[in-house]
>>> print(open('input32.txt').read())   # compact mmCIF, C-alpha atoms and all ligand atoms
# COMPACT_ATOMS: atom_id res chain seq x y z
CA VAL A 1 74.44 9.58 -237.73
CA LYS A 2 77.77 9.50 -239.52
CA LEU A 3 80.63 11.99 -239.66
CA VAL A 4 82.23 13.13 -242.91
CA GLU A 5 85.33 15.29 -243.26
CA TRP A 6 84.05 18.59 -244.56
CA GLY A 7 87.04 19.03 -246.86
CA LEU A 8 85.52 16.28 -249.06
CA LEU A 9 82.33 18.26 -249.69
CA PRO A 10 81.75 20.79 -252.48
CA ALA A 11 81.30 24.47 -251.67
CA ASP A 12 77.59 24.41 -252.54
CA ALA A 13 76.96 21.73 -249.91
CA ILE A 14 78.66 23.85 -247.24
CA ALA A 15 77.41 27.34 -248.19
CA PRO A 16 73.88 26.87 -246.70
CA LEU A 17 75.48 26.04 -243.34
CA TYR A 18 77.18 29.45 -243.31
CA TRP A 19 74.02 31.26 -244.50
CA ARG A 20 72.04 29.77 -241.67
CA GLU A 21 74.58 30.82 -239.03
CA GLU A 22 74.97 34.25 -240.57
CA ALA A 23 71.20 34.78 -240.31
CA ARG A 24 71.08 33.39 -236.79
CA TRP A 25 73.94 35.56 -235.46
CA ARG A 26 72.45 38.63 -237.10
CA ALA A 27 68.91 38.06 -235.81
CA ALA A 28 69.74 36.88 -232.30
CA LEU A 29 72.98 38.72 -231.53
CA ALA A 30 72.94 41.69 -233.97
CA TRP A 31 76.39 40.41 -235.02
CA ASP A 32 77.42 40.56 -238.68
CA THR A 33 79.53 37.42 -239.28
CA THR A 34 79.60 37.58 -243.10
CA THR A 35 83.36 38.08 -243.37
CA SER A 36 84.05 35.40 -240.71
CA TRP A 37 82.34 32.70 -242.82
CA THR A 38 84.14 33.89 -245.94
CA THR A 39 87.43 33.50 -244.06
CA VAL A 40 86.44 30.04 -242.75
CA GLU A 41 85.44 28.83 -246.24
CA SER A 42 88.63 30.18 -247.74
CA ALA A 43 90.67 28.34 -245.07
CA ARG A 44 88.65 25.14 -245.68
CA VAL A 45 89.31 25.05 -249.42
CA THR A 46 92.85 26.47 -249.51
CA TRP A 47 94.90 25.00 -246.68
CA GLY A 48 92.37 22.50 -245.34
CA LEU A 49 90.98 23.98 -242.12
CA PRO A 50 89.81 20.77 -240.41
CA GLY A 51 86.15 20.12 -239.72
CA PHE A 52 83.34 17.57 -239.93
CA VAL A 53 79.73 17.45 -240.91
CA CYS A 54 77.34 15.06 -239.24
CA CYS A 55 74.77 13.41 -241.56
CA ASP A 56 71.65 11.44 -240.72
CA GLY A 57 70.46 8.24 -242.46
CA SER A 58 69.13 10.21 -245.44
CA ASN A 59 72.44 12.09 -245.84
CA THR A 60 70.98 15.35 -244.57
CA ILE A 61 73.55 17.44 -242.71
CA ARG A 62 72.45 17.66 -239.05
CA GLY A 63 75.50 19.39 -237.63
CA TRP A 64 79.02 20.59 -238.30
CA THR A 65 82.15 21.73 -236.57
CA PHE A 66 85.57 23.14 -237.40
CA TYR A 67 88.73 23.55 -235.36
CA LEU A 68 92.41 24.39 -235.31
CA SER A 69 94.88 21.81 -234.17
CA HIS A 70 98.32 22.65 -232.79
CA ASP A 71 100.67 21.09 -230.21
CA ASP A 72 98.11 18.40 -229.32
CA THR A 73 95.55 21.10 -228.59
CA ILE A 74 92.24 21.29 -230.39
CA GLU A 75 90.89 24.83 -230.57
CA VAL A 76 87.21 24.50 -231.41
CA GLY A 77 85.88 27.22 -233.73
CA GLY A 78 82.23 26.26 -233.50
CA ILE A 79 79.78 23.39 -232.98
CA PHE A 80 76.44 23.68 -234.78
CA ALA A 81 73.72 21.04 -234.73
CA ASP A 82 70.00 20.39 -235.06
CA THR A 83 69.79 17.40 -232.75
CA PRO A 84 71.42 16.24 -229.49
CA GLU A 85 72.67 13.12 -231.36
CA ALA A 86 74.55 15.24 -233.88
CA THR A 87 75.98 17.42 -231.08
CA ASP A 88 77.15 14.37 -229.18
CA ALA A 89 78.77 12.77 -232.22
CA LEU A 90 80.65 15.96 -233.08
CA VAL A 91 81.87 16.46 -229.50
CA GLU A 92 82.97 12.83 -229.28
CA ARG A 93 84.98 13.19 -232.49
CA LEU A 94 86.51 16.53 -231.47
CA LEU A 95 87.64 15.45 -228.03
CA GLY A 96 88.66 11.93 -228.96
CA GLY A 97 92.25 12.49 -230.13
CA ALA A 98 93.33 15.61 -228.27
CA THR A 99 95.27 15.92 -225.04
CA SER A 100 93.79 19.34 -224.50
CA THR A 101 90.93 21.34 -225.96
CA THR A 102 89.79 24.89 -225.77
CA GLY A 103 86.76 26.74 -227.04
CA PHE A 104 84.68 29.89 -226.69
CA ILE A 105 81.62 29.28 -228.79
CA TYR A 106 78.04 30.40 -229.35
CA ALA A 107 76.02 27.64 -227.71
CA THR A 108 73.01 26.87 -229.87
CA ALA A 109 73.61 23.15 -230.50
CA PRO A 110 71.09 21.13 -228.43
CA GLY A 111 72.71 19.17 -225.61
CA LEU A 112 76.11 20.87 -225.99
CA HIS A 113 76.62 21.57 -222.29
CA CYS A 114 75.80 17.94 -221.41
CA ALA A 115 77.97 16.52 -224.20
CA LEU A 116 81.02 18.46 -222.93
CA THR A 117 80.52 17.92 -219.19
CA ALA A 118 79.80 14.20 -219.76
CA ARG A 119 83.37 13.98 -221.09
CA GLY A 120 84.91 15.64 -218.07
CA ILE A 121 85.18 19.14 -219.58
CA SER A 122 84.49 21.88 -217.11
CA VAL A 123 82.61 24.58 -219.02
CA GLU A 124 81.89 28.14 -218.06
CA ARG A 125 78.69 29.78 -219.25
CA PHE A 126 78.92 33.29 -220.64
CA SER A 127 75.89 35.49 -221.24
CA TYR A 128 75.78 37.64 -224.34
CA LEU A 129 74.13 40.86 -223.19
CA ALA A 130 73.05 43.93 -225.11
CA ARG A 131 71.35 47.29 -224.62
CA ALA A 132 70.55 50.35 -226.69
CA THR A 133 73.18 53.09 -226.64
CA ASN A 134 70.65 55.87 -226.16
CA ARG A 135 69.22 57.07 -222.85
CA VAL A 136 72.56 56.92 -221.06
CA PRO A 137 72.40 58.77 -217.76
CA SER A 138 75.49 60.87 -217.12
CA VAL A 139 77.93 59.42 -214.61
CA ARG A 140 80.46 61.60 -212.84
CA ALA A 141 83.90 60.15 -213.48
CA ALA A 142 86.53 60.71 -210.80
CA ALA A 143 89.23 60.19 -213.43
CA HIS A 144 90.33 61.48 -216.79
CA PHE A 145 89.67 59.14 -219.73
CA ARG A 146 91.74 59.18 -222.87
CA THR A 147 91.41 57.27 -226.13
CA TRP A 148 93.20 53.91 -226.36
CA ARG A 149 96.27 53.99 -228.65
CA LEU A 150 98.32 51.34 -230.36
CA HIS A 151 101.28 51.99 -228.08
CA ASP A 152 99.09 50.90 -225.12
CA VAL A 153 99.40 47.21 -226.13
CA GLY A 154 102.00 46.32 -223.47
CA ALA A 155 100.28 48.29 -220.69
CA THR A 156 96.94 46.75 -221.69
CA ALA A 157 98.37 43.23 -221.34
CA THR A 158 99.77 44.14 -217.89
CA LEU A 159 96.43 45.54 -216.71
CA LEU A 160 94.42 42.56 -218.01
CA GLN A 161 96.80 40.11 -216.33
CA ARG A 162 96.45 41.97 -213.00
CA ALA A 163 92.72 42.49 -213.28
CA TYR A 164 91.76 38.90 -214.14
CA GLY A 165 94.24 37.04 -211.93
CA SER A 166 93.80 33.27 -212.22
CA ALA A 167 90.45 33.70 -214.04
CA GLY A 168 92.47 34.96 -217.01
CA ARG A 169 93.53 31.49 -218.11
CA LEU A 170 90.58 31.38 -220.46
CA PHE A 171 92.00 34.29 -222.47
CA ALA A 172 95.75 33.81 -221.90
CA ARG A 173 96.75 30.15 -221.87
CA ASP A 174 99.21 30.17 -218.95
CA ASN A 175 98.13 33.59 -217.66
CA SER A 176 101.64 34.92 -218.41
CA LEU A 177 102.25 38.47 -219.57
CA ALA A 178 103.51 37.11 -222.90
CA GLN A 179 100.22 35.25 -223.49
CA TRP A 180 98.17 38.30 -222.51
CA ARG A 181 100.17 40.27 -225.08
CA VAL A 182 99.29 37.67 -227.71
CA TYR A 183 95.63 38.00 -226.67
CA VAL A 184 95.71 41.80 -227.10
CA GLU A 185 97.58 41.56 -230.41
CA ASN A 186 95.00 39.05 -231.69
CA LEU A 187 92.20 41.36 -230.64
CA ILE A 188 93.77 44.04 -232.80
CA ALA A 189 94.69 41.82 -235.76
CA TYR A 190 91.68 39.49 -236.11
CA PRO A 191 87.97 40.26 -236.22
CA GLY A 192 86.86 37.22 -234.15
CA CYS A 193 85.53 39.58 -231.48
CA GLY A 194 84.72 42.38 -233.90
CA LEU A 195 87.03 45.05 -235.34
CA LEU A 196 88.82 47.02 -232.66
CA ARG A 197 87.76 50.67 -232.54
CA PRO A 198 90.54 52.57 -230.76
CA ASP A 199 88.49 55.78 -231.16
CA LEU A 200 85.68 54.29 -229.01
CA SER A 201 88.03 52.63 -226.48
CA ARG A 202 89.12 54.43 -223.34
CA VAL A 203 91.83 54.13 -220.70
CA VAL A 204 92.54 55.68 -217.32
CA GLU A 205 96.19 56.30 -216.45
CA ALA A 206 97.68 56.46 -212.97
CA ASN A 207 101.37 56.65 -212.05
CA GLY A 208 102.49 55.89 -215.60
CA GLU A 209 100.41 52.70 -215.81
CA LEU A 210 96.90 51.86 -216.96
CA ALA A 211 94.50 51.73 -214.02
CA ALA A 212 91.41 50.90 -216.09
CA LEU A 213 90.26 50.40 -219.65
CA ALA A 214 87.29 49.69 -221.89
CA LEU A 215 88.11 48.16 -225.28
CA VAL A 216 85.35 48.52 -227.84
CA THR A 217 85.00 46.74 -231.18
CA ALA A 218 82.40 46.86 -233.97
CA LEU A 219 80.35 43.69 -234.62
CA ALA A 220 78.06 45.23 -237.23
CA SER A 221 77.34 48.64 -238.70
CA ASP A 222 75.00 49.36 -235.78
CA THR A 223 76.43 47.12 -233.02
CA ALA A 224 79.41 48.09 -230.89
CA HIS A 225 80.87 45.46 -228.54
CA LEU A 226 82.52 45.99 -225.16
CA ALA A 227 85.28 43.46 -225.78
CA GLN A 228 87.16 44.13 -222.53
CA LEU A 229 86.51 46.06 -219.36
CA ALA A 230 89.10 45.92 -216.61
CA VAL A 231 90.03 47.90 -213.53
CA SER A 232 93.25 47.22 -211.64
CA PRO A 233 92.61 45.73 -208.18
CA ALA A 234 94.04 48.85 -206.48
CA ALA A 235 91.53 51.15 -208.23
CA ARG A 236 88.33 49.14 -207.68
CA ARG A 237 85.00 50.14 -206.14
CA ALA A 238 85.56 53.78 -206.99
CA GLY A 239 83.06 53.86 -209.83
CA LEU A 240 85.62 53.62 -212.64
CA ALA A 241 83.96 50.69 -214.43
CA ARG A 242 80.51 52.27 -214.14
CA ALA A 243 81.84 55.50 -215.68
CA LEU A 244 83.77 53.66 -218.42
CA VAL A 245 80.64 51.77 -219.49
CA GLY A 246 78.72 55.07 -219.64
CA GLU A 247 81.49 56.65 -221.70
CA ALA A 248 81.66 53.63 -224.03
CA LEU A 249 77.88 53.75 -224.59
CA ARG A 250 77.93 57.48 -225.26
CA SER A 251 80.86 57.40 -227.70
CA ALA A 252 79.39 54.38 -229.52
CA HIS A 253 76.06 56.20 -229.85
CA ALA A 254 77.79 59.33 -231.17
CA SER A 255 79.49 57.16 -233.83
CA GLY A 256 76.17 55.74 -235.06
CA PHE A 257 76.00 52.43 -233.16
CA ALA A 258 72.44 51.85 -231.97
CA GLN A 259 73.35 49.08 -229.55
CA MET A 260 76.21 47.74 -227.52
CA SER A 261 76.79 44.09 -226.62
CA LEU A 262 79.24 42.22 -224.40
CA LEU A 263 80.01 38.78 -223.01
CA VAL A 264 80.21 38.13 -219.29
CA ALA A 265 80.88 34.94 -217.35
CA ASP A 266 77.84 34.02 -215.25
CA GLY A 267 80.21 33.42 -212.34
CA ASN A 268 81.59 36.97 -212.50
CA ALA A 269 79.22 38.50 -209.92
CA PRO A 270 80.75 42.02 -209.83
CA ALA A 271 80.59 42.41 -213.61
CA CYS A 272 77.09 40.86 -213.87
CA ARG A 273 75.80 43.31 -211.28
CA LEU A 274 77.45 46.24 -213.04
CA TYR A 275 75.89 45.35 -216.44
CA CYS A 276 72.50 44.58 -214.90
CA ASN A 277 72.52 48.05 -213.30
CA TRP A 278 73.30 49.51 -216.73
CA GLY A 279 70.23 47.75 -218.18
CA PHE A 280 72.01 45.15 -220.33
CA ALA A 281 69.73 42.16 -221.11
CA GLU A 282 70.56 38.62 -222.22
CA ARG A 283 70.40 37.81 -225.94
CA GLY A 284 72.34 34.53 -226.10
CA GLU A 285 74.57 31.98 -224.41
CA PHE A 286 78.22 31.11 -225.05
CA LEU A 287 80.26 28.30 -223.53
CA ALA A 288 83.96 28.51 -222.79
CA TRP A 289 86.47 25.94 -221.62
CA ARG A 290 90.15 25.23 -221.50
CA SER A 291 90.83 21.64 -220.67
CA ASP A 292 94.24 20.06 -220.33
CA THR A 293 93.00 16.59 -219.60
CA PRO A 294 89.83 15.57 -221.41
CA GLN A 295 88.43 12.15 -220.55
C1 LIG B 1 84.21 44.11 -212.84
C2 LIG B 1 85.16 45.30 -212.66
C3 LIG B 1 85.46 45.89 -214.03
C4 LIG B 1 84.44 46.35 -211.79
O1 LIG B 1 85.28 47.50 -211.70
P1 LIG B 1 85.07 48.63 -210.55
O2 LIG B 1 85.69 49.88 -211.05
O3 LIG B 1 85.55 48.10 -209.27
O4 LIG B 1 83.48 48.78 -210.51
P2 LIG B 1 82.69 50.08 -210.00
O5 LIG B 1 83.36 50.65 -208.79
O6 LIG B 1 82.46 51.01 -211.13
O7 LIG B 1 81.32 49.41 -209.56
C5 LIG B 1 80.12 49.62 -210.31
C6 LIG B 1 79.11 48.57 -209.90
O8 LIG B 1 79.56 47.27 -210.26
C7 LIG B 1 79.18 46.32 -209.26
N1 LIG B 1 80.36 45.82 -208.56
C8 LIG B 1 81.64 46.17 -208.79
N2 LIG B 1 82.47 45.43 -208.00
C9 LIG B 1 81.69 44.61 -207.28
C10 LIG B 1 81.95 43.60 -206.30
N3 LIG B 1 83.20 43.30 -205.93
N4 LIG B 1 80.89 42.92 -205.78
C11 LIG B 1 79.64 43.21 -206.18
N5 LIG B 1 79.32 44.17 -207.09
C12 LIG B 1 80.33 44.84 -207.64
C13 LIG B 1 78.30 47.08 -208.28
O9 LIG B 1 76.99 47.07 -208.79
C14 LIG B 1 78.88 48.47 -208.41
O10 LIG B 1 77.97 49.46 -208.01
P3 LIG B 1 77.97 49.91 -206.45
O11 LIG B 1 79.37 50.28 -206.11
O12 LIG B 1 76.99 51.05 -206.45
O13 LIG B 1 77.50 48.71 -205.68
C15 LIG B 1 86.47 44.89 -211.94
O14 LIG B 1 86.14 44.15 -210.77
C16 LIG B 1 87.44 44.06 -212.79
O15 LIG B 1 88.29 44.59 -213.49
N6 LIG B 1 87.29 42.71 -212.71
C17 LIG B 1 88.19 41.80 -213.47
C18 LIG B 1 87.97 41.90 -214.97
C19 LIG B 1 86.52 41.65 -215.32
O16 LIG B 1 85.89 40.75 -214.81
N7 LIG B 1 86.00 42.46 -216.28
C20 LIG B 1 84.65 42.32 -216.77
C21 LIG B 1 84.64 41.35 -217.91
S1 LIG B 1 83.03 41.14 -218.57
>>> encode(input="input32.txt", output="structure tokens")
Amino acid sequence: VKLVEWGLLPADAIAPLYWREEARWRAALAWDTTTSWTTVESARVTWGLPGFVCCDGSNTIRGWTFYLSHDDTIEVGGIFADTPEATDALVERLLGGATSTTGFIYATAPGLHCALTARGISVERFSYLARATNRVPSVRAAAHFRTWRLHDVGATATLLQRAYGSAGRLFARDNSLAQWRVYVENLIAYPGCGLLRPDLSRVVEANGELAALALVTALASDTAHLAQLAVSPAARRAGLARALVGEALRSAHASGFAQMSLLVADGNAPACRLYCNWGFAERGEFLAWRSDTPQ
């Protein structure tokens, strides 16, 4: 296999790669990524979003990747491949020159987990789960929920930092409040995780702070996404998360979303149990990592 900078290729050589992913995300994840690929292509041809395609001996594209590069950090946008050889070549190229790499990507490329771990990257598997928004049993909430508002950005960052503790490094680089704020602002400004729907998102207030929240986005006209669910450590095991999920499902259903999806780390036992009890089932696999010292 050989790698070619994708900026050298014409749009009609690249377009089928997007079409294929668009169809795959829609069929497997019920996620409409049309505008994401339009944005990626526009970035590729205007300012030169970096990326590579991997070709076999007959010049057929067997895989591709794109990434952002800043401060010696490679932020991987996606790795797509047909064969383990193509996956391995792309990973080798991506990790070769960087002092640190990060990624949170849909893991369909064969051999991706192996290719990353073989290079000393410690990856975390996330399950993409979904369920229908109908048949939601009513759950008694011991708290009052209100709709999330734009002025909740600061309080949301504080709650997420508290709720995730050291596990939050995946979302907020140094787990600082400032980085959590950037995370929340990105969630509002960019559609990478769907378009934020404040009207479907809920918070619980206690003593002038947020004690719990469910942030919901839209991934497609009929798919809502539970982008964040967090309960402050002091308010846990009181049924708040269970009630928030019920409320999120009900409000999504009332707004015409037939299903709700979410991503959960396989190592997050409390959350996995919660979603399993709510009847969410696996539809796909994502891999996440933040590595400061790749091999
Ligand atoms: C996961 C989280 C939201 C649960 O919040 P919570 O309000 O304490 O959860 P609830 O009291 O509503 O519990 C509902 C169910 O979840 C599961 N659960 C919650 N905490 C659990 C724990 N520590 N261990 C095992 N199961 C747990 C149980 O099935 C529980 O039902 P049960 O009490 O009948 O056993 C909370 O621990 C949190 O904010 N964690 C950090 C952020 C996070 O991981 N968010 C989810 C991202 S996908």
>>> axis_aligned_box(input="input32.txt", around="segment 117-132 of chain A", padding_each_side="5 Å", output="AutoDock Vina command-line options")
--center_x 77.9 --center_y 32.2 --center_z -221.9 --size_x 24.6 --size_y 46.4 --size_z 19.6
>>> residues_near_ligand(input="input32.txt", ligand="ligand LIG 1 (chain B)", cutoff="10 Å", atoms="all atoms listed in the file", output="PDB file with C-alpha atoms, in the frame of the given file")
ATOM      1  CA  PHE A 126      78.920  33.290-220.640  1.00  0.00           C
ATOM      2  CA  SER A 127      75.890  35.490-221.240  1.00  0.00           C
ATOM      3  CA  TYR A 128      75.780  37.640-224.340  1.00  0.00           C
ATOM      4  CA  ALA A 141      83.900  60.150-213.480  1.00  0.00           C
ATOM      5  CA  LEU A 159      96.430  45.540-216.710  1.00  0.00           C
ATOM      6  CA  LEU A 160      94.420  42.560-218.010  1.00  0.00           C
ATOM      7  CA  GLN A 161      96.800  40.110-216.330  1.00  0.00           C
ATOM      8  CA  ARG A 162      96.450  41.970-213.000  1.00  0.00           C
ATOM      9  CA  ALA A 163      92.720  42.490-213.280  1.00  0.00           C
ATOM     10  CA  TYR A 164      91.760  38.900-214.140  1.00  0.00           C
ATOM     11  CA  GLY A 165      94.240  37.040-211.930  1.00  0.00           C
ATOM     12  CA  ALA A 167      90.450  33.700-214.040  1.00  0.00           C
ATOM     13  CA  GLY A 168      92.470  34.960-217.010  1.00  0.00           C
ATOM     14  CA  ALA A 211      94.500  51.730-214.020  1.00  0.00           C
ATOM     15  CA  ALA A 212      91.410  50.900-216.090  1.00  0.00           C
ATOM     16  CA  LEU A 213      90.260  50.400-219.650  1.00  0.00           C
ATOM     17  CA  ALA A 214      87.290  49.690-221.890  1.00  0.00           C
ATOM     18  CA  LEU A 226      82.520  45.990-225.160  1.00  0.00           C
ATOM     19  CA  ALA A 227      85.280  43.460-225.780  1.00  0.00           C
ATOM     20  CA  GLN A 228      87.160  44.130-222.530  1.00  0.00           C
ATOM     21  CA  LEU A 229      86.510  46.060-219.360  1.00  0.00           C
ATOM     22  CA  ALA A 230      89.100  45.920-216.610  1.00  0.00           C
ATOM     23  CA  VAL A 231      90.030  47.900-213.530  1.00  0.00           C
ATOM     24  CA  SER A 232      93.250  47.220-211.640  1.00  0.00           C
ATOM     25  CA  PRO A 233      92.610  45.730-208.180  1.00  0.00           C
ATOM     26  CA  ALA A 234      94.040  48.850-206.480  1.00  0.00           C
ATOM     27  CA  ALA A 235      91.530  51.150-208.230  1.00  0.00           C
ATOM     28  CA  ARG A 236      88.330  49.140-207.680  1.00  0.00           C
ATOM     29  CA  ARG A 237      85.000  50.140-206.140  1.00  0.00           C
ATOM     30  CA  ALA A 238      85.560  53.780-206.990  1.00  0.00           C
ATOM     31  CA  GLY A 239      83.060  53.860-209.830  1.00  0.00           C
ATOM     32  CA  LEU A 240      85.620  53.620-212.640  1.00  0.00           C
ATOM     33  CA  ALA A 241      83.960  50.690-214.430  1.00  0.00           C
ATOM     34  CA  ARG A 242      80.510  52.270-214.140  1.00  0.00           C
ATOM     35  CA  ALA A 243      81.840  55.500-215.680  1.00  0.00           C
ATOM     36  CA  LEU A 244      83.770  53.660-218.420  1.00  0.00           C
ATOM     37  CA  VAL A 245      80.640  51.770-219.490  1.00  0.00           C
ATOM     38  CA  LEU A 262      79.240  42.220-224.400  1.00  0.00           C
ATOM     39  CA  LEU A 263      80.010  38.780-223.010  1.00  0.00           C
ATOM     40  CA  VAL A 264      80.210  38.130-219.290  1.00  0.00           C
ATOM     41  CA  ALA A 265      80.880  34.940-217.350  1.00  0.00           C
ATOM     42  CA  ASP A 266      77.840  34.020-215.250  1.00  0.00           C
ATOM     43  CA  GLY A 267      80.210  33.420-212.340  1.00  0.00           C
ATOM     44  CA  ASN A 268      81.590  36.970-212.500  1.00  0.00           C
ATOM     45  CA  ALA A 269      79.220  38.500-209.920  1.00  0.00           C
ATOM     46  CA  PRO A 270      80.750  42.020-209.830  1.00  0.00           C
ATOM     47  CA  ALA A 271      80.590  42.410-213.610  1.00  0.00           C
ATOM     48  CA  CYS A 272      77.090  40.860-213.870  1.00  0.00           C
ATOM     49  CA  ARG A 273      75.800  43.310-211.280  1.00  0.00           C
ATOM     50  CA  LEU A 274      77.450  46.240-213.040  1.00  0.00           C
ATOM     51  CA  TYR A 275      75.890  45.350-216.440  1.00  0.00           C
ATOM     52  CA  CYS A 276      72.500  44.580-214.900  1.00  0.00           C
ATOM     53  CA  ASN A 277      72.520  48.050-213.300  1.00  0.00           C
ATOM     54  CA  TRP A 278      73.300  49.510-216.730  1.00  0.00           C
TER      55      TRP A 278
END
>>> closest_residue(input="input32.txt", among="A:Ala178, A:Ala115, A:Ala142, A:Ala132", to="His225 of chain A", atoms="all atoms listed in the file")
A:Ala132
>>> residues_around(input="input32.txt", residues="segment 56-71 of chain A", least_positions_apart="3", cutoff="7 Å", atoms="only C-alpha atoms", output="ChimeraX atom specification")
/A:1-2,49-53,74-83,86-87,90
>>> closest_residue(input="input32.txt", among="A:Leu249, A:Ala155, A:Ala206, A:Ala258", to="Asp222 of chain A", atoms="all atoms listed in the file")
A:Ala258
>>> closest_residue(input="input32.txt", among="A:Arg149, A:Arg169, A:Arg93, A:Arg131", to="Arg197 of chain A", atoms="all atoms listed in the file")
A:Arg149
>>> atom_distance(input="input32.txt", atom1="atom CA of Trp31 of chain A", atom2="atom CA of Thr223 of chain A")
7.0 Å
>>> closest_residue(input="input32.txt", among="A:Cys55, A:Met260, A:Thr35, A:Val203", to="Val4 of chain A", atoms="all atoms listed in the file")
A:Cys55
>>> decode(input="input32.txt", residues="segment 30-83 of chain A", atoms="C-alpha atoms", output="mmCIF file, in the first residue's frame")
data_model
loop_
_atom_site.group_PDB
_atom_site.id
_atom_site.type_symbol
_atom_site.label_atom_id
_atom_site.label_comp_id
_atom_site.auth_asym_id
_atom_site.auth_seq_id
_atom_site.Cartn_x
_atom_site.Cartn_y
_atom_site.Cartn_z
ATOM 1 C CA ALA A 30 -29.138 6.512 12.494
ATOM 2 C CA TRP A 31 -26.793 9.532 12.370
ATOM 3 C CA ASP A 32 -27.093 12.041 9.530
ATOM 4 C CA THR A 33 -23.512 13.174 8.777
ATOM 5 C CA THR A 34 -24.221 14.941 5.461
ATOM 6 C CA THR A 35 -23.242 18.406 6.684
ATOM 7 C CA SER A 36 -20.134 17.056 8.476
ATOM 8 C CA TRP A 37 -18.681 15.719 5.196
ATOM 9 C CA THR A 38 -19.536 18.951 3.407
ATOM 10 C CA THR A 39 -17.608 20.829 6.106
ATOM 11 C CA VAL A 40 -14.655 18.408 5.880
ATOM 12 C CA GLU A 41 -14.488 18.710 2.075
ATOM 13 C CA SER A 42 -14.695 22.479 2.255
ATOM 14 C CA ALA A 43 -11.819 22.516 4.785
ATOM 15 C CA ARG A 44 -9.801 20.122 2.572
ATOM 16 C CA VAL A 45 -10.032 22.278 -0.545
ATOM 17 C CA THR A 46 -9.957 25.754 1.037
ATOM 18 C CA TRP A 47 -7.380 25.842 3.813
ATOM 19 C CA GLY A 48 -5.894 22.370 3.374
ATOM 20 C CA LEU A 49 -7.279 20.221 6.197
ATOM 21 C CA PRO A 50 -4.558 17.548 6.339
ATOM 22 C CA GLY A 51 -5.302 13.934 5.479
ATOM 23 C CA PHE A 52 -4.118 10.885 3.549
ATOM 24 C CA VAL A 53 -5.567 8.202 1.389
ATOM 25 C CA CYS A 54 -4.076 4.734 1.314
ATOM 26 C CA CYS A 55 -3.944 3.072 -2.134
ATOM 27 C CA ASP A 56 -3.240 -0.532 -3.066
ATOM 28 C CA GLY A 57 -1.080 -1.731 -5.989
ATOM 29 C CA SER A 58 -3.848 -0.991 -8.505
ATOM 30 C CA ASN A 59 -4.312 2.553 -7.143
ATOM 31 C CA THR A 60 -7.652 1.716 -5.539
ATOM 32 C CA ILE A 61 -8.255 3.708 -2.359
ATOM 33 C CA ARG A 62 -8.313 1.247 0.565
ATOM 34 C CA GLY A 63 -8.470 3.736 3.413
ATOM 35 C CA TRP A 64 -8.287 7.386 4.403
ATOM 36 C CA THR A 65 -7.830 9.635 7.374
ATOM 37 C CA PHE A 66 -7.903 13.320 8.252
ATOM 38 C CA TYR A 67 -6.723 15.250 11.282
ATOM 39 C CA LEU A 68 -6.045 18.609 12.856
ATOM 40 C CA SER A 69 -2.560 19.462 13.958
ATOM 41 C CA HIS A 70 -1.759 22.042 16.632
ATOM 42 C CA ASP A 71 0.968 22.475 19.269
ATOM 43 C CA ASP A 72 2.544 19.113 18.354
ATOM 44 C CA THR A 73 -0.793 17.410 18.926
ATOM 45 C CA ILE A 74 -2.536 15.425 16.235
ATOM 46 C CA GLU A 75 -6.298 15.393 16.670
ATOM 47 C CA VAL A 76 -7.570 12.517 14.549
ATOM 48 C CA GLY A 77 -10.915 13.192 12.842
ATOM 49 C CA GLY A 78 -11.437 9.693 11.491
ATOM 50 C CA ILE A 79 -9.715 6.545 10.236
ATOM 51 C CA PHE A 80 -11.556 4.565 7.565
ATOM 52 C CA ALA A 81 -10.214 1.448 5.867
ATOM 53 C CA ASP A 82 -11.138 -1.771 4.085
ATOM 54 C CA THR A 83 -8.145 -3.825 5.155
#
